[in-house]
2 protein chains.
Amino acid sequence: MDKRDRQFHTYRGYQKIKQEKTRLTPSMEDYLEMIYRHCKGEGHVRIYQLSDLLNVQAPSVTRTVQRLAELGLVDYEKYGLVKLTQEGERIGRILLERHILIESFLSKIGVRDALLRDTEMIEHNISVEGLRSIEFFNSYLDDNPHILKEFEEYKKSRGY
Amino acid sequence: MDKRDRQFHTYRGYQKIKQEKTRLTPSMEDYLEMIYRHCKGEGHVRIYQLSDLLNVQAPSVTRTVQRLAELGLVDYEKYGLVKLTQEGERIGRILLERHILIESFLSKIGVRDALLRDTEMIEHNISVEGLRSIEFFNSYLDDNPHILKEFEEYKKSRGY
DNA sequence: TTCATATATTAGCCTTAGGTAATACTTTTG
DNA sequence: CAAAAGTATTACCTAAGGCTAATATATGAA
């Protein structure tokens with residue numbers, strides 16, 4: 001393996017590189033995506049709701065929301081309502097779209113029980129290129145439905 | 001979203017759940033996979049080599065190797081050579097196979113520049129079900145090469 | 001309006017996994 | 001065989017992101 005062009009990094013290493021560029025950790029992406037989901041309907045969300053939706057304790061939410069506020073992605077004042085800024089809304093929408101895209105792809109190739117979990121796991125880490133490939137492949141599959149039909153047959157024939 | 005059956009967890013949350021079951025963190029998986037890769041040829045590997053291959057500093061390697069030794073996955077004594085135990089070899093092989101499987105899949109659907117990075121990112125987190133789906137889809141694509149050929153046409157026709 | 005309940009914050013702990021600087025072994029070499 | 005070079009360890013720092021317990025604020029009902 002040529003070190004120069006096949007630079008390996010640990011999982012953690014890639015995360016750090018990514019953070020330097022985006023300023024959003026995977027965890028923050030989770031929070032922001034969930035805030036976006038909820039705010040689309042209600043316009044705002046409370047700490048305890050996020051705590052519930054994300055399955056974390058309230059203090060973790062408070063801290064992360066405060067950080068998102070520092071980054072200008074949400075408006076939040078102590079004991080108040082969490083609302084998205086324009087920028088937060090923009091990014092939140094992208095995050096949700098990414099989630100849906102990956103989920104849809106995994107679903108197409110047959111992931112069922114672990115769908116949410118696997119989507120969640122992949123979405124924060126995939127590159128723009130990877131996402132684009134999946135997107136393309138997705139629409140290819142949509143435009144050629146016989147492929148997935150035949151895939152189903154194929155699976156059955158192998159005793160899945 | 002019904003809370004009971006669509007339990008959302010943050011990215012971090014899933015990692016924690018996973019760790020409880022497997023006792024191997026993503027980082028440890030990286031180390032073990034790399035140790036396996038290297039030991040397949042040489043039979044052993046040194047701390048400084050891992051440090052180099054994984055792009056982390058030596059002290060991080062020492063610590064993680066010591067943990068892997070505690071878990072019975074490698075044989076290691078201070079200042080010595082890192083070698084795989086039988087169990088470590090077994091798991092290392094699985095990890096490398098998983099890596100290759102995902103890499104192969106991403107490559108098929110067109111990921112190029114980010115191939116190593118995206119593979120690395122996905123492999124530690126995907127479920128057994130997700131992996132199985134990808135595996136199936138992979139062999140389906142292998143058995144039906146016209147699909148990917150047409151996919152290439154499709155991409156071209158869309159100005160990729 | 002006061003008190004109970006609901007909601008949120010603060011303080012502080014834990015673990016992982018990176019990092020550096022200083023130190024300790026090991027091996028090679030003159 | 002002693003010193004230099006190579007390799008590894010220890011001690012300690014940092015940050016993220018979980019957690020709990022204690023405290024603070026807000027709100028609704030008697």
# chains A, B, ... in the order shown; residues from 1 in each chain; ligands from 1

call {"tool": "interface_residues", "arguments": {"of": "chain A", "to": "chain B", "cutoff": "9 Å", "atoms": "only C-alpha atoms", "output": "PyMOL selection string"}}
result
chain A and resi 3+6-15+26-27+29-31+52-56+106+109-134+136-137+140+147+151+154-155

call {"tool": "write_last_selection", "arguments": {"atoms": "C-alpha atoms", "output": "PDB file, in the first residue's frame"}}
result
ATOM      1  CA  LYS A   3       1.380   5.547   1.926  1.00  0.00           C
ATOM      2  CA  ARG A   6      -3.743   5.436   0.283  1.00  0.00           C
ATOM      3  CA  GLN A   7      -3.593   7.212   3.582  1.00  0.00           C
ATOM      4  CA  PHE A   8      -5.400   5.143   6.154  1.00  0.00           C
ATOM      5  CA  HIS A   9      -6.941   6.783   9.138  1.00  0.00           C
ATOM      6  CA  THR A  10      -8.758   5.251  12.038  1.00  0.00           C
ATOM      7  CA  TYR A  11     -12.434   5.785  12.250  1.00  0.00           C
ATOM      8  CA  ARG A  12     -11.783   8.426  14.877  1.00  0.00           C
ATOM      9  CA  GLY A  13      -9.168   9.990  12.690  1.00  0.00           C
ATOM     10  CA  TYR A  14     -11.620  10.533   9.872  1.00  0.00           C
ATOM     11  CA  GLN A  15     -14.102  12.022  12.253  1.00  0.00           C
ATOM     12  CA  PRO A  26     -21.967  13.462  14.262  1.00  0.00           C
ATOM     13  CA  SER A  27     -23.788  14.016  17.488  1.00  0.00           C
ATOM     14  CA  GLU A  29     -25.843  16.482  13.256  1.00  0.00           C
ATOM     15  CA  ASP A  30     -28.218  14.129  15.004  1.00  0.00           C
ATOM     16  CA  TYR A  31     -29.528  16.883  17.193  1.00  0.00           C
ATOM     17  CA  ASP A  52     -37.174  11.967  24.541  1.00  0.00           C
ATOM     18  CA  LEU A  53     -36.812  11.762  20.772  1.00  0.00           C
ATOM     19  CA  LEU A  54     -33.066  11.263  20.862  1.00  0.00           C
ATOM     20  CA  ASN A  55     -33.048   8.949  23.847  1.00  0.00           C
ATOM     21  CA  VAL A  56     -30.567  10.983  25.825  1.00  0.00           C
ATOM     22  CA  LEU A 106     -30.808   0.605   2.143  1.00  0.00           C
ATOM     23  CA  ILE A 109     -31.488  -3.428  -1.248  1.00  0.00           C
ATOM     24  CA  GLY A 110     -33.440  -5.142   1.480  1.00  0.00           C
ATOM     25  CA  VAL A 111     -32.502  -3.760   4.880  1.00  0.00           C
ATOM     26  CA  ARG A 112     -35.523  -3.929   7.153  1.00  0.00           C
ATOM     27  CA  ASP A 113     -35.081  -4.322  10.883  1.00  0.00           C
ATOM     28  CA  ALA A 114     -31.846  -2.401  11.092  1.00  0.00           C
ATOM     29  CA  LEU A 115     -32.986   0.265   8.655  1.00  0.00           C
ATOM     30  CA  LEU A 116     -33.056   3.190  11.042  1.00  0.00           C
ATOM     31  CA  ARG A 117     -29.936   2.107  12.814  1.00  0.00           C
ATOM     32  CA  ASP A 118     -27.885   1.537   9.679  1.00  0.00           C
ATOM     33  CA  THR A 119     -29.048   4.753   8.089  1.00  0.00           C
ATOM     34  CA  GLU A 120     -28.118   6.637  11.206  1.00  0.00           C
ATOM     35  CA  MET A 121     -24.720   5.015  11.192  1.00  0.00           C
ATOM     36  CA  ILE A 122     -23.878   5.757   7.617  1.00  0.00           C
ATOM     37  CA  GLU A 123     -25.291   9.211   7.171  1.00  0.00           C
ATOM     38  CA  HIS A 124     -22.842  11.122   9.301  1.00  0.00           C
ATOM     39  CA  ASN A 125     -19.820   9.684   7.702  1.00  0.00           C
ATOM     40  CA  ILE A 126     -20.363   9.228   4.049  1.00  0.00           C
ATOM     41  CA  SER A 127     -18.551  11.490   1.621  1.00  0.00           C
ATOM     42  CA  VAL A 128     -20.213  13.750  -0.869  1.00  0.00           C
ATOM     43  CA  GLU A 129     -19.012  11.425  -3.585  1.00  0.00           C
ATOM     44  CA  GLY A 130     -20.448   8.385  -1.848  1.00  0.00           C
ATOM     45  CA  LEU A 131     -23.719  10.146  -1.387  1.00  0.00           C
ATOM     46  CA  ARG A 132     -23.820  11.163  -5.028  1.00  0.00           C
ATOM     47  CA  SER A 133     -23.158   7.589  -6.098  1.00  0.00           C
ATOM     48  CA  ILE A 134     -25.950   6.318  -3.952  1.00  0.00           C
ATOM     49  CA  PHE A 136     -27.485   8.077  -8.832  1.00  0.00           C
ATOM     50  CA  PHE A 137     -27.871   4.413  -8.177  1.00  0.00           C
ATOM     51  CA  TYR A 140     -31.306   4.248 -11.704  1.00  0.00           C
ATOM     52  CA  ILE A 147     -33.877  -4.808 -11.488  1.00  0.00           C
ATOM     53  CA  PHE A 151     -33.260  -9.119  -7.181  1.00  0.00           C
ATOM     54  CA  TYR A 154     -32.685 -13.893  -6.865  1.00  0.00           C
ATOM     55  CA  LYS A 155     -32.875 -13.688  -3.083  1.00  0.00           C
TER      56      LYS A 155
END

call {"tool": "interface_residues", "arguments": {"of": "chain D", "to": "chain B", "cutoff": "8 Å", "atoms": "only C-alpha atoms (C1' of nucleotides)", "output": "list in words"}}
result
DT7, DA8, DT9 and DG17 of chain D

call {"tool": "write_last_selection", "arguments": {"atoms": "N, CA and C atoms (P, O5', C5', C4', C3', O3' and C1' of nucleotides)", "output": "short mmCIF file (atom, residue, chain, number, x, y, z; two decimals), in the first residue's frame"}}
result
data_model
loop_
_atom_site.label_atom_id
_atom_site.label_comp_id
_atom_site.auth_asym_id
_atom_site.auth_seq_id
_atom_site.Cartn_x
_atom_site.Cartn_y
_atom_site.Cartn_z
P DT D 7 13.09 1.66 14.34
"O5'" DT D 7 12.38 1.41 15.73
"C5'" DT D 7 12.69 0.22 16.45
"C4'" DT D 7 12.03 0.28 17.79
"C3'" DT D 7 10.53 0.55 17.76
"O3'" DT D 7 9.89 -0.59 18.29
"C1'" DT D 7 11.61 1.78 19.46
P DA D 8 8.32 -0.61 18.56
"O5'" DA D 8 8.29 -0.07 20.06
"C5'" DA D 8 8.87 -0.86 21.09
"C4'" DA D 8 8.46 -0.31 22.43
"C3'" DA D 8 6.95 -0.08 22.59
"O3'" DA D 8 6.56 -0.81 23.75
"C1'" DA D 8 8.18 1.85 23.24
P DT D 9 5.11 -0.65 24.38
"O5'" DT D 9 5.44 0.40 25.52
"C5'" DT D 9 6.47 0.06 26.45
"C4'" DT D 9 6.50 1.09 27.58
"C3'" DT D 9 5.13 1.38 28.18
"O3'" DT D 9 5.24 1.21 29.59
"C1'" DT D 9 6.21 3.40 27.56
P DG D 17 -19.85 15.53 20.12
"O5'" DG D 17 -20.48 14.57 21.21
"C5'" DG D 17 -20.19 13.19 21.16
"C4'" DG D 17 -20.66 12.59 22.45
"C3'" DG D 17 -22.05 13.07 22.89
"O3'" DG D 17 -22.83 11.95 23.19
"C1'" DG D 17 -20.54 13.17 24.64
#

call {"tool": "closest_residue", "arguments": {"among": "A:Leu32, A:Leu81, A:Ile94, A:Ile102", "to": "chain C", "atoms": "only C-alpha atoms (C1' of nucleotides)"}}
result
A:Leu81

call {"tool": "interface_residues", "arguments": {"of": "chain C", "to": "chain A", "cutoff": "9 Å", "atoms": "only C-alpha atoms (C1' of nucleotides)", "output": "list in words"}}
result
DT7, DA8, DT9, DT10, DA17 and DG18 of chain C

call {"tool": "select_by_dssp", "arguments": {"residues": "segment 38-151 of chain A", "states": "strand (DSSP E or B)", "output": "mmCIF file with N, CA and C atoms, in the first residue's frame"}}
result
data_model
loop_
_atom_site.group_PDB
_atom_site.id
_atom_site.type_symbol
_atom_site.label_atom_id
_atom_site.label_comp_id
_atom_site.auth_asym_id
_atom_site.auth_seq_id
_atom_site.Cartn_x
_atom_site.Cartn_y
_atom_site.Cartn_z
ATOM 1 N N VAL A 45 -39.276 23.424 19.365
ATOM 2 C CA VAL A 45 -39.227 22.161 20.103
ATOM 3 C C VAL A 45 -38.629 22.448 21.477
ATOM 4 N N VAL A 74 -29.217 27.534 15.905
ATOM 5 C CA VAL A 74 -30.531 27.624 16.557
ATOM 6 C C VAL A 74 -30.600 28.897 17.397
ATOM 7 N N ASP A 75 -31.822 29.340 17.620
ATOM 8 C CA ASP A 75 -32.070 30.400 18.594
ATOM 9 C C ASP A 75 -32.520 29.742 19.873
ATOM 10 N N VAL A 82 -36.613 25.952 21.545
ATOM 11 C CA VAL A 82 -35.554 25.809 20.549
ATOM 12 C C VAL A 82 -36.139 26.079 19.165
ATOM 13 N N LYS A 83 -35.543 27.033 18.469
ATOM 14 C CA LYS A 83 -35.982 27.330 17.103
ATOM 15 C C LYS A 83 -34.783 27.355 16.178
ATOM 16 N N LEU A 84 -35.015 27.066 14.926
ATOM 17 C CA LEU A 84 -33.928 27.085 13.948
ATOM 18 C C LEU A 84 -33.682 28.493 13.425
#

call {"tool": "closest_residue", "arguments": {"among": "B:Gln57, B:Thr22, B:Thr64, B:Gln49", "to": "DG19 of chain C", "atoms": "only C-alpha atoms (C1' of nucleotides)"}}
result
B:Gln57

call {"tool": "closest_residue", "arguments": {"among": "B:Ile91, B:Ser60, B:Glu33, B:Glu153", "to": "DT20 of chain C", "atoms": "only C-alpha atoms (C1' of nucleotides)"}}
result
B:Ser60

call {"tool": "residues_around", "arguments": {"residues": "DA11 of chain C", "least_positions_apart": "6", "cutoff": "12 Å", "atoms": "only C-alpha atoms (C1' of nucleotides)", "output": "list in words"}}
result
Pro59 of chain A; DT20, DA21, DA22 and DT23 of chain D

call {"tool": "write_last_selection", "arguments": {"atoms": "N, CA and C atoms (P, O5', C5', C4', C3', O3' and C1' of nucleotides)", "output": "short mmCIF file (atom, residue, chain, number, x, y, z; two decimals), in the first residue's frame"}}
result
data_model
loop_
_atom_site.label_atom_id
_atom_site.label_comp_id
_atom_site.auth_asym_id
_atom_site.auth_seq_id
_atom_site.Cartn_x
_atom_site.Cartn_y
_atom_site.Cartn_z
N PRO A 59 -29.75 16.95 30.34
CA PRO A 59 -28.54 17.77 30.41
C PRO A 59 -27.68 17.68 29.15
P DT D 20 -28.63 8.54 34.24
"O5'" DT D 20 -27.97 9.06 35.60
"C5'" DT D 20 -26.96 8.31 36.28
"C4'" DT D 20 -26.57 9.07 37.54
"C3'" DT D 20 -27.76 9.52 38.39
"O3'" DT D 20 -27.40 9.34 39.77
"C1'" DT D 20 -26.52 11.43 37.74
P DA D 21 -28.57 9.51 40.86
"O5'" DA D 21 -28.15 10.90 41.54
"C5'" DA D 21 -26.76 11.17 41.75
"C4'" DA D 21 -26.65 12.53 42.44
"C3'" DA D 21 -27.84 12.91 43.31
"O3'" DA D 21 -27.31 13.66 44.41
"C1'" DA D 21 -27.65 14.47 41.55
P DA D 22 -28.33 14.34 45.49
"O5'" DA D 22 -28.25 15.87 45.08
"C5'" DA D 22 -26.95 16.47 44.96
"C4'" DA D 22 -27.12 17.91 44.54
"C3'" DA D 22 -28.20 18.66 45.34
"O3'" DA D 22 -27.70 19.96 45.61
"C1'" DA D 22 -28.69 18.79 43.04
P DT D 23 -28.66 21.04 46.40
"O5'" DT D 23 -29.08 21.99 45.20
"C5'" DT D 23 -28.03 22.61 44.45
"C4'" DT D 23 -28.68 23.38 43.32
"C3'" DT D 23 -29.72 24.39 43.78
"O3'" DT D 23 -29.35 25.63 43.22
"C1'" DT D 23 -30.54 23.10 42.01
#

call {"tool": "select_by_dssp", "arguments": {"residues": "chain B", "states": "helix (DSSP H, G or I)", "output": "MDAnalysis selection string"}}
result
chainID B and resid 11:22 26:42 47:54 58:70 86:108 115:123 128:143 145:157
